[in-house]
$ cat work_23.pdb   # PDB, C-alpha atoms and all ligand atoms
MODEL        1
ATOM      1  CA  MET A1398      74.259  77.977  33.993
ATOM      2  CA  GLU A1399      75.890  75.380  36.216
ATOM      3  CA  THR A1400      73.751  72.218  36.458
ATOM      4  CA  MET A1401      73.300  69.957  39.463
ATOM      5  CA  ASN A1402      74.918  66.538  39.132
ATOM      6  CA  ARG A1403      73.755  63.192  40.505
ATOM      7  CA  THR A1404      77.227  62.787  41.923
ATOM      8  CA  ASP A1405      80.166  65.141  42.009
ATOM      9  CA  LYS A1406      82.991  62.639  42.463
ATOM     10  CA  VAL A1407      84.794  60.000  40.397
ATOM     11  CA  LEU A1408      83.341  56.551  41.103
ATOM     12  CA  PRO A1409      85.409  53.346  41.082
ATOM     13  CA  SER A1410      83.015  51.557  38.660
ATOM     14  CA  ALA A1411      79.546  51.520  37.094
ATOM     15  CA  VAL A1412      78.329  49.511  40.113
ATOM     16  CA  GLU A1413      78.727  52.563  42.344
ATOM     17  CA  ALA A1414      76.734  54.592  39.772
ATOM     18  CA  ILE A1415      73.632  52.525  40.605
ATOM     19  CA  GLY A1416      70.907  54.388  42.511
ATOM     20  CA  ASN A1417      70.594  57.991  43.701
ATOM     21  CA  THR A1418      68.149  58.649  40.872
ATOM     22  CA  PRO A1419      66.236  61.938  40.616
ATOM     23  CA  LEU A1420      62.634  62.335  41.807
ATOM     24  CA  VAL A1421      60.531  64.556  39.533
ATOM     25  CA  GLU A1422      57.048  65.981  39.815
ATOM     26  CA  LEU A1423      54.700  65.076  36.943
ATOM     27  CA  ALA A1424      53.098  68.522  37.043
ATOM     28  CA  ARG A1425      52.023  68.489  33.389
ATOM     29  CA  LEU A1426      50.181  65.155  33.680
ATOM     30  CA  THR A1427      48.371  66.236  36.838
ATOM     31  CA  LYS A1428      47.336  69.681  35.547
ATOM     32  CA  GLY A1429      43.787  70.356  36.755
ATOM     33  CA  ILE A1430      43.899  67.386  39.159
ATOM     34  CA  ASP A1431      44.011  67.877  42.941
ATOM     35  CA  GLY A1432      47.286  66.339  44.139
ATOM     36  CA  ARG A1433      50.849  65.538  43.071
ATOM     37  CA  ILE A1434      52.661  62.588  41.515
ATOM     38  CA  LEU A1435      56.377  62.304  42.215
ATOM     39  CA  ALA A1436      58.219  59.880  39.956
ATOM     40  CA  LYS A1437      61.572  58.222  40.674
ATOM     41  CA  MET A1438      63.612  58.065  37.467
ATOM     42  CA  GLU A1439      64.870  54.498  37.816
ATOM     43  CA  TYR A1440      65.474  54.278  34.084
ATOM     44  CA  LEU A1441      68.573  56.426  34.603
ATOM     45  CA  ASN A1442      70.421  53.548  36.279
ATOM     46  CA  PRO A1443      73.409  52.141  34.291
ATOM     47  CA  GLY A1444      71.337  49.182  33.009
ATOM     48  CA  LEU A1445      68.342  51.475  32.350
ATOM     49  CA  SER A1446      66.150  49.946  35.086
ATOM     50  CA  LYS A1447      65.489  49.775  38.838
ATOM     51  CA  LYS A1448      66.709  46.169  38.800
ATOM     52  CA  ASP A1449      70.379  47.264  38.840
ATOM     53  CA  ARG A1450      69.795  47.999  42.514
ATOM     54  CA  ILE A1451      68.735  44.467  43.395
ATOM     55  CA  ALA A1452      71.498  42.931  41.284
ATOM     56  CA  ARG A1453      74.106  44.788  43.315
ATOM     57  CA  GLN A1454      72.436  44.039  46.657
ATOM     58  CA  ILE A1455      71.893  40.321  45.953
ATOM     59  CA  ILE A1456      75.491  39.810  44.765
ATOM     60  CA  GLU A1457      77.031  41.800  47.636
ATOM     61  CA  GLU A1458      74.900  40.012  50.278
ATOM     62  CA  ALA A1459      75.932  36.648  48.762
ATOM     63  CA  GLU A1460      79.604  37.680  48.849
ATOM     64  CA  GLU A1461      79.294  38.728  52.498
ATOM     65  CA  GLN A1462      77.474  35.515  53.451
ATOM     66  CA  GLY A1463      79.968  33.325  51.569
ATOM     67  CA  ALA A1464      77.204  31.983  49.294
ATOM     68  CA  LEU A1465      79.097  33.244  46.227
ATOM     69  CA  LYS A1466      82.753  32.314  45.762
ATOM     70  CA  PRO A1467      85.240  34.256  43.584
ATOM     71  CA  GLY A1468      84.758  33.316  39.927
ATOM     72  CA  GLN A1469      81.653  31.155  40.598
ATOM     73  CA  PRO A1470      78.996  31.364  37.842
ATOM     74  CA  VAL A1471      75.838  33.347  38.598
ATOM     75  CA  VAL A1472      72.509  32.313  37.045
ATOM     76  CA  GLU A1473      69.088  33.948  37.107
ATOM     77  CA  LEU A1474      65.681  33.800  35.532
ATOM     78  CA  THR A1475      64.914  37.262  34.211
ATOM     79  CA  SER A1476      62.503  39.268  32.088
ATOM     80  CA  GLY A1477      65.665  41.120  31.060
ATOM     81  CA  ASN A1478      66.040  43.905  33.563
ATOM     82  CA  THR A1479      67.411  41.926  36.519
ATOM     83  CA  GLY A1480      69.624  40.094  34.036
ATOM     84  CA  THR A1481      70.994  43.372  32.706
ATOM     85  CA  GLY A1482      71.729  44.550  36.247
ATOM     86  CA  LEU A1483      73.415  41.238  37.061
ATOM     87  CA  ALA A1484      75.397  41.372  33.811
ATOM     88  CA  ILE A1485      76.760  44.794  34.830
ATOM     89  CA  VAL A1486      77.576  43.778  38.414
ATOM     90  CA  CYS A1487      79.099  40.441  37.301
ATOM     91  CA  ALA A1488      81.176  42.122  34.553
ATOM     92  CA  VAL A1489      82.683  44.530  37.080
ATOM     93  CA  LYS A1490      83.188  41.907  39.796
ATOM     94  CA  GLY A1491      84.428  39.104  37.529
ATOM     95  CA  TYR A1492      81.667  36.466  37.762
ATOM     96  CA  PRO A1493      80.467  34.608  34.630
ATOM     97  CA  PHE A1494      76.719  35.282  34.283
ATOM     98  CA  VAL A1495      74.002  33.214  32.595
ATOM     99  CA  ALA A1496      70.611  34.896  31.993
ATOM    100  CA  VAL A1497      67.662  32.598  31.385
ATOM    101  CA  MET A1498      64.791  34.438  29.700
ATOM    102  CA  SER A1499      61.545  33.712  27.899
ATOM    103  CA  ARG A1500      61.607  34.248  24.150
ATOM    104  CA  GLY A1501      58.441  36.327  24.774
ATOM    105  CA  ASN A1502      60.394  39.254  26.267
ATOM    106  CA  SER A1503      61.603  42.004  23.956
ATOM    107  CA  MET A1504      64.855  41.202  22.182
ATOM    108  CA  GLU A1505      66.516  44.519  23.086
ATOM    109  CA  ARG A1506      67.003  42.979  26.503
ATOM    110  CA  ALA A1507      68.738  39.833  25.261
ATOM    111  CA  ARG A1508      71.026  41.913  23.027
ATOM    112  CA  MET A1509      71.912  44.261  25.862
ATOM    113  CA  MET A1510      72.758  41.390  28.227
ATOM    114  CA  SER A1511      74.939  39.700  25.584
ATOM    115  CA  ALA A1512      76.728  42.978  24.927
ATOM    116  CA  LEU A1513      77.468  43.172  28.663
ATOM    117  CA  GLY A1514      79.139  39.747  28.528
ATOM    118  CA  ALA A1515      76.234  37.558  29.697
ATOM    119  CA  GLU A1516      75.427  34.170  28.224
ATOM    120  CA  VAL A1517      71.736  34.424  27.310
ATOM    121  CA  VAL A1518      69.621  31.260  27.229
ATOM    122  CA  LEU A1519      66.225  31.841  25.572
ATOM    123  CA  VAL A1520      63.342  29.517  26.492
ATOM    124  CA  ASP A1521      60.432  28.948  24.094
ATOM    125  CA  GLN A1522      56.971  30.071  25.229
ATOM    126  CA  LEU A1523      54.078  27.654  25.764
ATOM    127  CA  PRO A1524      52.197  26.723  22.576
ATOM    128  CA  GLY A1525      49.620  29.481  22.025
ATOM    129  CA  SER A1526      51.531  32.194  23.956
ATOM    130  CA  LYS A1527      52.383  35.325  22.017
ATOM    131  CA  PRO A1528      55.746  37.147  21.875
ATOM    132  CA  GLY A1529      55.557  40.247  24.077
ATOM    133  CA  GLN A1530      53.009  38.546  26.362
ATOM    134  CA  VAL A1531      54.826  36.383  28.919
ATOM    135  CA  SER A1532      52.461  34.401  31.163
ATOM    136  CA  GLY A1533      53.016  32.597  34.465
ATOM    137  CA  GLY A1534      53.010  29.360  32.437
ATOM    138  CA  ASP A1535      55.804  30.657  30.205
ATOM    139  CA  LEU A1536      57.768  31.592  33.332
ATOM    140  CA  GLU A1537      57.404  28.059  34.718
ATOM    141  CA  LEU A1538      59.273  26.777  31.661
ATOM    142  CA  VAL A1539      62.023  29.356  32.263
ATOM    143  CA  GLU A1540      62.180  28.260  35.928
ATOM    144  CA  ILE A1541      62.729  24.598  34.942
ATOM    145  CA  GLU A1542      65.586  25.559  32.583
ATOM    146  CA  THR A1543      67.109  27.874  35.215
ATOM    147  CA  ARG A1544      67.191  25.086  37.830
ATOM    148  CA  LYS A1545      68.844  22.741  35.326
ATOM    149  CA  ILE A1546      71.601  25.244  34.498
ATOM    150  CA  VAL A1547      72.218  26.096  38.198
ATOM    151  CA  SER A1548      72.754  22.429  38.980
ATOM    152  CA  GLN A1549      74.876  21.678  35.870
ATOM    153  CA  ARG A1550      77.240  24.601  36.538
ATOM    154  CA  SER A1551      77.268  24.542  40.377
ATOM    155  CA  ALA A1552      76.203  28.154  40.102
ATOM    156  CA  PHE A1553      74.905  30.738  42.545
ATOM    157  CA  ARG A1554      71.251  31.455  41.814
ATOM    158  CA  ALA A1555      70.506  35.159  42.216
ATOM    159  CA  ASP A1556      66.891  34.248  42.981
ATOM    160  CA  GLN A1557      64.967  37.517  42.822
ATOM    161  CA  PHE A1558      61.665  35.927  43.888
ATOM    162  CA  GLN A1559      63.173  34.507  47.118
ATOM    163  CA  LEU A1560      66.271  36.423  48.209
ATOM    164  CA  GLN A1561      65.870  39.268  50.696
ATOM    165  CA  GLY A1562      68.517  41.249  48.779
ATOM    166  CA  ASN A1563      65.744  42.171  46.326
ATOM    167  CA  ARG A1564      63.611  43.704  49.055
ATOM    168  CA  ASN A1565      66.631  45.104  50.933
ATOM    169  CA  ALA A1566      67.883  47.036  47.892
ATOM    170  CA  HIS A1567      64.681  49.085  47.901
ATOM    171  CA  TYR A1568      64.321  49.222  51.707
ATOM    172  CA  LEU A1569      67.880  50.458  52.216
ATOM    173  CA  ASN A1570      68.217  52.649  49.143
ATOM    174  CA  THR A1571      65.227  53.475  46.894
ATOM    175  CA  ALA A1572      62.839  54.247  49.752
ATOM    176  CA  ARG A1573      65.390  56.127  51.844
ATOM    177  CA  GLU A1574      66.322  58.260  48.841
ATOM    178  CA  ILE A1575      62.609  59.044  48.362
ATOM    179  CA  LEU A1576      62.190  59.941  52.045
ATOM    180  CA  ARG A1577      65.211  62.275  51.789
ATOM    181  CA  GLN A1578      64.050  63.790  48.495
ATOM    182  CA  THR A1579      60.518  64.493  49.772
ATOM    183  CA  GLY A1580      61.589  65.553  53.259
ATOM    184  CA  GLY A1581      59.523  62.552  54.404
ATOM    185  CA  SER A1582      56.249  64.056  53.252
ATOM    186  CA  LEU A1583      54.342  61.687  51.002
ATOM    187  CA  HIS A1584      50.898  60.177  51.459
ATOM    188  CA  ALA A1585      50.822  57.150  49.163
ATOM    189  CA  PHE A1586      52.903  54.769  47.045
ATOM    190  CA  CYS A1587      51.640  52.462  44.316
ATOM    191  CA  ASP A1588      53.704  49.846  42.509
ATOM    192  CA  PHE A1589      53.220  47.322  39.704
ATOM    193  CA  ALA A1590      54.332  43.986  41.168
ATOM    194  CA  GLY A1591      56.526  41.412  39.478
ATOM    195  CA  THR A1592      58.519  39.773  42.276
ATOM    196  CA  GLY A1593      57.009  42.325  44.669
ATOM    197  CA  GLY A1594      60.540  43.273  45.815
ATOM    198  CA  SER A1595      60.212  46.998  45.071
ATOM    199  CA  PHE A1596      56.844  47.162  46.797
ATOM    200  CA  ALA A1597      58.044  45.127  49.803
ATOM    201  CA  GLY A1598      61.179  47.210  50.405
ATOM    202  CA  CYS A1599      59.616  50.611  49.816
ATOM    203  CA  ALA A1600      56.408  49.874  51.737
ATOM    204  CA  ALA A1601      58.376  48.579  54.750
ATOM    205  CA  ALA A1602      60.521  51.724  54.880
ATOM    206  CA  PHE A1603      57.576  54.080  54.298
ATOM    207  CA  LYS A1604      55.434  52.415  57.000
ATOM    208  CA  GLU A1605      58.361  52.529  59.425
ATOM    209  CA  HIS A1606      58.711  56.263  58.732
ATOM    210  CA  ASP A1607      54.965  56.986  58.905
ATOM    211  CA  PRO A1608      52.386  54.203  59.221
ATOM    212  CA  SER A1609      49.760  56.454  57.613
ATOM    213  CA  ILE A1610      51.520  56.326  54.198
ATOM    214  CA  ARG A1611      49.184  54.158  52.127
ATOM    215  CA  CYS A1612      50.798  51.497  49.924
ATOM    216  CA  PHE A1613      48.988  49.944  46.961
ATOM    217  CA  ILE A1614      49.859  46.991  44.729
ATOM    218  CA  VAL A1615      49.232  47.584  41.016
ATOM    219  CA  GLU A1616      48.188  44.660  38.791
ATOM    220  CA  PRO A1617      47.083  44.278  35.175
ATOM    221  CA  GLU A1618      43.334  44.184  34.588
ATOM    222  CA  GLY A1619      42.468  40.534  33.924
ATOM    223  CA  ALA A1620      45.484  39.212  35.903
ATOM    224  CA  ALA A1621      44.869  40.651  39.380
ATOM    225  CA  VAL A1622      45.458  37.469  41.397
ATOM    226  CA  LEU A1623      46.952  39.223  44.414
ATOM    227  CA  ALA A1624      43.659  41.123  44.720
ATOM    228  CA  GLY A1625      41.877  37.755  44.574
ATOM    229  CA  GLU A1626      40.376  38.331  41.127
ATOM    230  CA  PRO A1627      40.016  35.566  38.530
ATOM    231  CA  VAL A1628      42.637  35.515  35.772
ATOM    232  CA  THR A1629      41.034  36.275  32.412
ATOM    233  CA  ASN A1630      44.041  37.781  30.586
ATOM    234  CA  PRO A1631      47.293  36.057  31.657
ATOM    235  CA  ASN A1632      49.045  37.133  28.444
ATOM    236  CA  HIS A1633      48.905  40.903  29.005
ATOM    237  CA  ARG A1634      51.518  43.259  27.513
ATOM    238  CA  ILE A1635      52.738  44.991  30.707
ATOM    239  CA  GLN A1636      56.204  43.377  30.768
ATOM    240  CA  GLY A1637      58.034  42.778  34.063
ATOM    241  CA  GLY A1638      55.154  41.698  36.275
ATOM    242  CA  GLY A1639      51.535  40.652  36.658
ATOM    243  CA  TYR A1640      52.539  36.997  36.379
ATOM    244  CA  SER A1641      49.351  35.680  38.042
ATOM    245  CA  MET A1642      51.346  34.101  40.887
ATOM    246  CA  ALA A1643      49.028  33.750  43.869
ATOM    247  CA  THR A1644      51.831  34.258  46.391
ATOM    248  CA  LEU A1645      54.961  36.370  46.237
ATOM    249  CA  PRO A1646      57.303  35.379  49.098
ATOM    250  CA  LEU A1647      58.766  38.882  49.575
ATOM    251  CA  LEU A1648      55.401  40.580  50.166
ATOM    252  CA  ARG A1649      54.197  41.314  53.720
ATOM    253  CA  PRO A1650      50.364  41.455  53.727
ATOM    254  CA  GLU A1651      50.287  43.949  56.611
ATOM    255  CA  HIS A1652      52.005  46.531  54.370
ATOM    256  CA  ILE A1653      49.336  46.343  51.649
ATOM    257  CA  ASP A1654      46.570  48.938  51.967
ATOM    258  CA  GLY A1655      44.842  48.064  48.708
ATOM    259  CA  TYR A1656      45.017  46.795  45.145
ATOM    260  CA  LEU A1657      44.652  48.766  41.918
ATOM    261  CA  GLN A1658      44.108  47.500  38.414
ATOM    262  CA  VAL A1659      45.326  49.057  35.197
ATOM    263  CA  SER A1660      44.387  47.953  31.686
ATOM    264  CA  GLU A1661      47.011  47.430  28.997
ATOM    265  CA  ALA A1662      45.496  50.323  27.062
ATOM    266  CA  GLU A1663      45.723  52.660  30.096
ATOM    267  CA  ALA A1664      49.365  51.663  30.757
ATOM    268  CA  ILE A1665      50.270  52.273  27.108
ATOM    269  CA  ARG A1666      48.352  55.550  26.874
ATOM    270  CA  THR A1667      50.012  56.818  30.059
ATOM    271  CA  ALA A1668      53.530  55.755  28.952
ATOM    272  CA  ARG A1669      52.957  57.722  25.737
ATOM    273  CA  ARG A1670      51.694  60.756  27.676
ATOM    274  CA  LEU A1671      54.761  60.554  29.943
ATOM    275  CA  ALA A1672      56.964  60.753  26.853
ATOM    276  CA  LYS A1673      55.058  63.514  25.052
ATOM    277  CA  GLN A1674      54.095  65.703  28.030
ATOM    278  CA  GLU A1675      56.813  65.069  30.606
ATOM    279  CA  GLY A1676      59.845  64.198  28.438
ATOM    280  CA  ILE A1677      60.057  60.842  30.212
ATOM    281  CA  PHE A1678      60.895  57.868  27.968
ATOM    282  CA  SER A1679      59.928  54.837  30.064
ATOM    283  CA  GLY A1680      58.219  51.463  29.637
ATOM    284  CA  PHE A1681      54.827  49.759  30.013
ATOM    285  CA  SER A1682      55.045  49.221  33.792
ATOM    286  CA  SER A1683      56.017  52.852  34.415
ATOM    287  CA  GLY A1684      52.889  53.782  32.468
ATOM    288  CA  ALA A1685      50.919  51.388  34.688
ATOM    289  CA  ASN A1686      52.310  52.942  37.887
ATOM    290  CA  VAL A1687      51.484  56.482  36.797
ATOM    291  CA  ALA A1688      48.032  55.438  35.527
ATOM    292  CA  ALA A1689      47.353  53.879  38.955
ATOM    293  CA  ALA A1690      48.532  57.053  40.722
ATOM    294  CA  LEU A1691      46.159  59.109  38.538
ATOM    295  CA  GLN A1692      43.333  56.737  39.560
ATOM    296  CA  LEU A1693      44.192  57.345  43.217
ATOM    297  CA  LEU A1694      44.257  61.141  42.807
ATOM    298  CA  GLN A1695      40.860  61.017  41.147
ATOM    299  CA  GLY A1696      39.470  58.644  43.779
ATOM    300  CA  GLN A1697      40.449  57.662  47.317
ATOM    301  CA  CYS A1698      43.663  59.769  47.534
ATOM    302  CA  ARG A1699      42.379  63.090  46.206
ATOM    303  CA  GLY A1700      44.726  65.962  47.159
ATOM    304  CA  SER A1701      47.596  63.597  48.125
ATOM    305  CA  THR A1702      51.258  63.349  47.185
ATOM    306  CA  ILE A1703      51.814  59.966  45.547
ATOM    307  CA  VAL A1704      55.193  58.419  44.769
ATOM    308  CA  VAL A1705      55.793  55.962  41.907
ATOM    309  CA  LEU A1706      58.798  54.303  40.313
ATOM    310  CA  LEU A1707      59.574  54.725  36.603
ATOM    311  CA  CYS A1708      60.896  51.183  36.343
ATOM    312  CA  ASP A1709      62.782  51.075  33.061
ATOM    313  CA  SER A1710      63.609  52.854  29.818
ATOM    314  CA  GLY A1711      61.455  53.139  26.730
ATOM    315  CA  LEU A1712      64.531  52.060  24.760
ATOM    316  CA  LYS A1713      63.820  48.503  25.950
ATOM    317  CA  TYR A1714      60.582  48.484  23.943
ATOM    318  CA  LEU A1715      61.586  49.888  20.574
ATOM    319  CA  SER A1716      60.700  46.564  18.923
ATOM    320  CA  THR A1717      57.209  46.486  20.501
ATOM    321  CA  ASP A1718      54.049  48.430  19.690
ATOM    322  CA  LEU A1719      54.517  50.774  22.677
ATOM    323  CA  TRP A1720      55.810  53.567  20.458
ATOM    324  CA  ALA A1721      53.757  52.672  17.407
ATOM    325  CA  SER A1722      51.821  55.937  17.434
TER     326      SER A1722
HETATM  327  C1  LIG A1801      59.974  46.780  33.762
HETATM  328  C2  LIG A1801      59.625  46.202  35.095
HETATM  329  N1  LIG A1801      58.601  46.738  35.769
HETATM  330  C3  LIG A1801      58.208  46.244  36.959
HETATM  331  C4  LIG A1801      58.841  45.152  37.528
HETATM  332  C5  LIG A1801      58.343  44.618  38.840
HETATM  333  O1  LIG A1801      59.210  44.915  39.894
HETATM  334  P1  LIG A1801      59.320  43.984  41.176
HETATM  335  O2  LIG A1801      59.934  42.692  40.711
HETATM  336  O3  LIG A1801      60.198  44.723  42.116
HETATM  337  O4  LIG A1801      57.937  43.766  41.680
HETATM  338  C6  LIG A1801      59.907  44.556  36.847
HETATM  339  C7  LIG A1801      60.544  43.352  37.382
HETATM  340  O5  LIG A1801      61.225  42.637  36.692
HETATM  341  C8  LIG A1801      60.311  45.097  35.617
HETATM  342  O6  LIG A1801      61.338  44.553  34.921
ENDMDL
END

$ encode --input "work_23.pdb" --output "structure tokens"
Amino acid sequence: METMNRTDKVLPSAVEAIGNTPLVELARLTKGIDGRILAKMEYLNPGLSKKDRIARQIIEEAEEQGALKPGQPVVELTSGNTGTGLAIVCAVKGYPFVAVMSRGNSMERARMMSALGAEVVLVDQLPGSKPGQVSGGDLELVEIETRKIVSQRSAFRADQFQLQGNRNAHYLNTAREILRQTGGSLHAFCDFAGTGGSFAGCAAAFKEHDPSIRCFIVEPEGAAVLAGEPVTNPNHRIQGGGYSMATLPLLRPEHIDGYLQVSEAEAIRTARRLAKQEGIFSGFSSGANVAAALQLLQGQCRGSTIVVLLCDSGLKYLSTDLWAS
């Protein structure tokens, strides 16, 4: 049987292979539940995460604006995924790339970035922080080191927390692909926030298409600062977000319809169910997104079609306890 391809032409490089990911229905997970969950397989990007999209957009916007000169070093603070995307884009386009990352993130990420030609600078966690549990405080240390390296090397900072390229990548691409793939018929979107770039871009495009599409921020239980909750568990295991930062510059409050909380255990249980029941090998935050969508279907969005992103690959967590049982 002839199979359908993501693309049927030869591409000039791996950069052009970013995006256009499939959208699949999680019909096995929602069996017996009223409603549908449609999941965007972002882990099929060349760097195995949705962050390839923002790497390309940030670098290409900087090139267009003249903020990045040929051969100039690129530096960014990363939990690994943005760094991997930047390593790919910089390898193809010929920019030296320095990734600054907390030692608390899984080591698969550092190895992958090095393999892709990046220089990886690892920053120690705060005393008392645990590997695999990167807090806002740990990230502050990474931020200080990142600023130092940017200034020492006269580098371009691919600042994913500030630059609109992060939001634009999802506004221009991820969300439009979803609108095409669903024929524009979805009722809700929920997204685990790190920088908030995926949420900001997708929510803006969805609201523009149909203001009744409800958009929810997902946060870890015990670190739901955006929802205004006290932080009791800053060192949670859902890597890539939930950093307890009270403000995320890319977020537009008028696009947020509500906040959902997911426990570490729920995120892990759901990531394991995704693998065993749906054949989807993704990470902690993908588990969190799907767990939040299940909450919505069993609560305020009963009977709806909910879209989520499957942010990155389960391969990035082989050294963690995600796949322990
Ligand atoms: C695995 C993973 N999930 C979720 C996120 C959060 O995405 P965003 O920064 O778009 O909010 C990130 C961001 O780094 C991530 O790496």

$ residues_near_point --input "work_23.pdb" --point "(57.6, 49.4, 52.4)" --cutoff "12 Å" --atoms "all atoms listed in the file" --output "number ranges by chain"
A: 1564-1573, 1575-1576, 1585-1588, 1593-1614, 1647-1654

$ axis_aligned_box --input "work_23.pdb" --around "ligand LIG 1801 (chain A)" --padding-each-side "5 Å" --output "JSON"
{"center_x": 59.6, "center_y": 44.7, "center_z": 37.9, "size_x": 13.4, "size_y": 14.1, "size_z": 18.4}

$ residues_near_ligand --input "work_23.pdb" --ligand "ligand LIG 1801 (chain A)" --cutoff "7 Å" --atoms "only C-alpha atoms and all ligand atoms" --output "number ranges by chain"
A: 1448, 1475-1479, 1589-1596, 1636-1638, 1680, 1682-1683, 1708-1709

$ atom_distance --input "work_23.pdb" --atom1 "atom CA of Ala1688 of chain A" --atom2 "atom CA of Ser1532 of chain A"
21.9 Å

$ resolve_selection --input "work_23.pdb" --expression "the PyMOL selection byres (((chain A and resi 1480) around 9) and not hetatm)" --output "list in words"
Lys1448, Asp1449, Ala1452, Val1472, Glu1473, Leu1474, Thr1475, Ser1476, Gly1477, Asn1478, Thr1479, Thr1481, Gly1482, Leu1483, Ala1484, Ile1485, Phe1494, Val1495, Ala1496, Val1497, Met1498, Arg1506, Ala1507, Met1510 and Ala1515 of chain A

$ write_last_selection --input "work_23.pdb" --atoms "C-alpha atoms" --output "JSON list (two decimals), in the coordinates of the input"
[["chain", "number", "residue", "atom", "x", "y", "z"],
["A", 1448, "LYS", "CA", 66.71, 46.17, 38.80],
["A", 1449, "ASP", "CA", 70.38, 47.26, 38.84],
["A", 1452, "ALA", "CA", 71.50, 42.93, 41.28],
["A", 1472, "VAL", "CA", 72.51, 32.31, 37.04],
["A", 1473, "GLU", "CA", 69.09, 33.95, 37.11],
["A", 1474, "LEU", "CA", 65.68, 33.80, 35.53],
["A", 1475, "THR", "CA", 64.91, 37.26, 34.21],
["A", 1476, "SER", "CA", 62.50, 39.27, 32.09],
["A", 1477, "GLY", "CA", 65.67, 41.12, 31.06],
["A", 1478, "ASN", "CA", 66.04, 43.90, 33.56],
["A", 1479, "THR", "CA", 67.41, 41.93, 36.52],
["A", 1481, "THR", "CA", 70.99, 43.37, 32.71],
["A", 1482, "GLY", "CA", 71.73, 44.55, 36.25],
["A", 1483, "LEU", "CA", 73.42, 41.24, 37.06],
["A", 1484, "ALA", "CA", 75.40, 41.37, 33.81],
["A", 1485, "ILE", "CA", 76.76, 44.79, 34.83],
["A", 1494, "PHE", "CA", 76.72, 35.28, 34.28],
["A", 1495, "VAL", "CA", 74.00, 33.21, 32.60],
["A", 1496, "ALA", "CA", 70.61, 34.90, 31.99],
["A", 1497, "VAL", "CA", 67.66, 32.60, 31.38],
["A", 1498, "MET", "CA", 64.79, 34.44, 29.70],
["A", 1506, "ARG", "CA", 67.00, 42.98, 26.50],
["A", 1507, "ALA", "CA", 68.74, 39.83, 25.26],
["A", 1510, "MET", "CA", 72.76, 41.39, 28.23],
["A", 1515, "ALA", "CA", 76.23, 37.56, 29.70]]

$ resolve_selection --input "work_23.pdb" --expression "the PyMOL selection byres (((chain A and resi 1520) around 6) and not hetatm)" --output "PyMOL selection string"
chain A and resi 1499-1500+1519+1521+1539

$ closest_residue --input "work_23.pdb" --among "A:Ala1411, A:Leu1513, A:Ile1665, A:Val1489" --to "Ala1721 of chain A" --atoms "only C-alpha atoms"
A:Ile1665

$ closest_residue --input "work_23.pdb" --among "A:Val1412, A:Cys1487, A:Gly1429, A:Gly1468" --to "Asn1442 of chain A" --atoms "all atoms listed in the file"
A:Val1412

$ atom_distance --input "work_23.pdb" --atom1 "atom CA of Arg1634 of chain A" --atom2 "atom CA of Gly1533 of chain A"
12.8 Å

$ atom_distance --input "work_23.pdb" --atom1 "atom CA of Gly1619 of chain A" --atom2 "atom CA of Asp1556 of chain A"
26.8 Å

$ resolve_selection --input "work_23.pdb" --expression "the PyMOL selection byres (((chain A and resi 1623) around 8) and not hetatm)" --output "PyMOL selection string"
chain A and resi 1616+1621-1622+1624-1626+1641-1644+1656

$ closest_residue --input "work_23.pdb" --among "A:Glu1540, A:Glu1461, A:Glu1618, A:Glu1413" --to "Val1659 of chain A" --atoms "all atoms listed in the file"
A:Glu1618

$ residues_around --input "work_23.pdb" --residues "Val1687 of chain A" --least-positions-apart "4" --cutoff "12 Å" --atoms "all atoms listed in the file" --output "PyMOL selection string"
chain A and resi 1422-1423+1426-1427+1433-1437+1586-1589+1615+1657-1659+1663-1671+1675+1677+1679-1683+1691-1694+1703-1708

$ decode --input "work_23.pdb" --residues "segment 1697-1718 of chain A" --atoms "C-alpha atoms" --output "PDB file, in the first residue's frame"
ATOM      1  CA  GLN A1697     -15.840  22.039  31.571  1.00  0.00           C
ATOM      2  CA  CYS A1698     -15.231  20.951  27.929  1.00  0.00           C
ATOM      3  CA  ARG A1699     -17.246  17.731  27.844  1.00  0.00           C
ATOM      4  CA  GLY A1700     -18.007  16.669  24.245  1.00  0.00           C
ATOM      5  CA  SER A1701     -15.392  19.053  22.748  1.00  0.00           C
ATOM      6  CA  THR A1702     -12.513  18.644  20.320  1.00  0.00           C
ATOM      7  CA  ILE A1703      -9.317  19.633  22.123  1.00  0.00           C
ATOM      8  CA  VAL A1704      -5.937  20.183  20.483  1.00  0.00           C
ATOM      9  CA  VAL A1705      -2.602  19.642  22.264  1.00  0.00           C
ATOM     10  CA  LEU A1706       1.052  19.634  21.280  1.00  0.00           C
ATOM     11  CA  LEU A1707       3.264  16.580  21.853  1.00  0.00           C
ATOM     12  CA  CYS A1708       6.281  18.744  22.610  1.00  0.00           C
ATOM     13  CA  ASP A1709       9.250  16.403  22.398  1.00  0.00           C
ATOM     14  CA  SER A1710      10.448  12.820  22.102  1.00  0.00           C
ATOM     15  CA  GLY A1711      10.622  10.214  24.829  1.00  0.00           C
ATOM     16  CA  LEU A1712      14.182   9.545  23.650  1.00  0.00           C
ATOM     17  CA  LYS A1713      15.193  12.739  25.481  1.00  0.00           C
ATOM     18  CA  TYR A1714      14.306  11.107  28.807  1.00  0.00           C
ATOM     19  CA  LEU A1715      15.899   7.680  28.599  1.00  0.00           C
ATOM     20  CA  SER A1716      18.189   8.564  31.520  1.00  0.00           C
ATOM     21  CA  THR A1717      15.263   9.675  33.731  1.00  0.00           C
ATOM     22  CA  ASP A1718      12.635   7.672  35.603  1.00  0.00           C
TER      23      ASP A1718
END
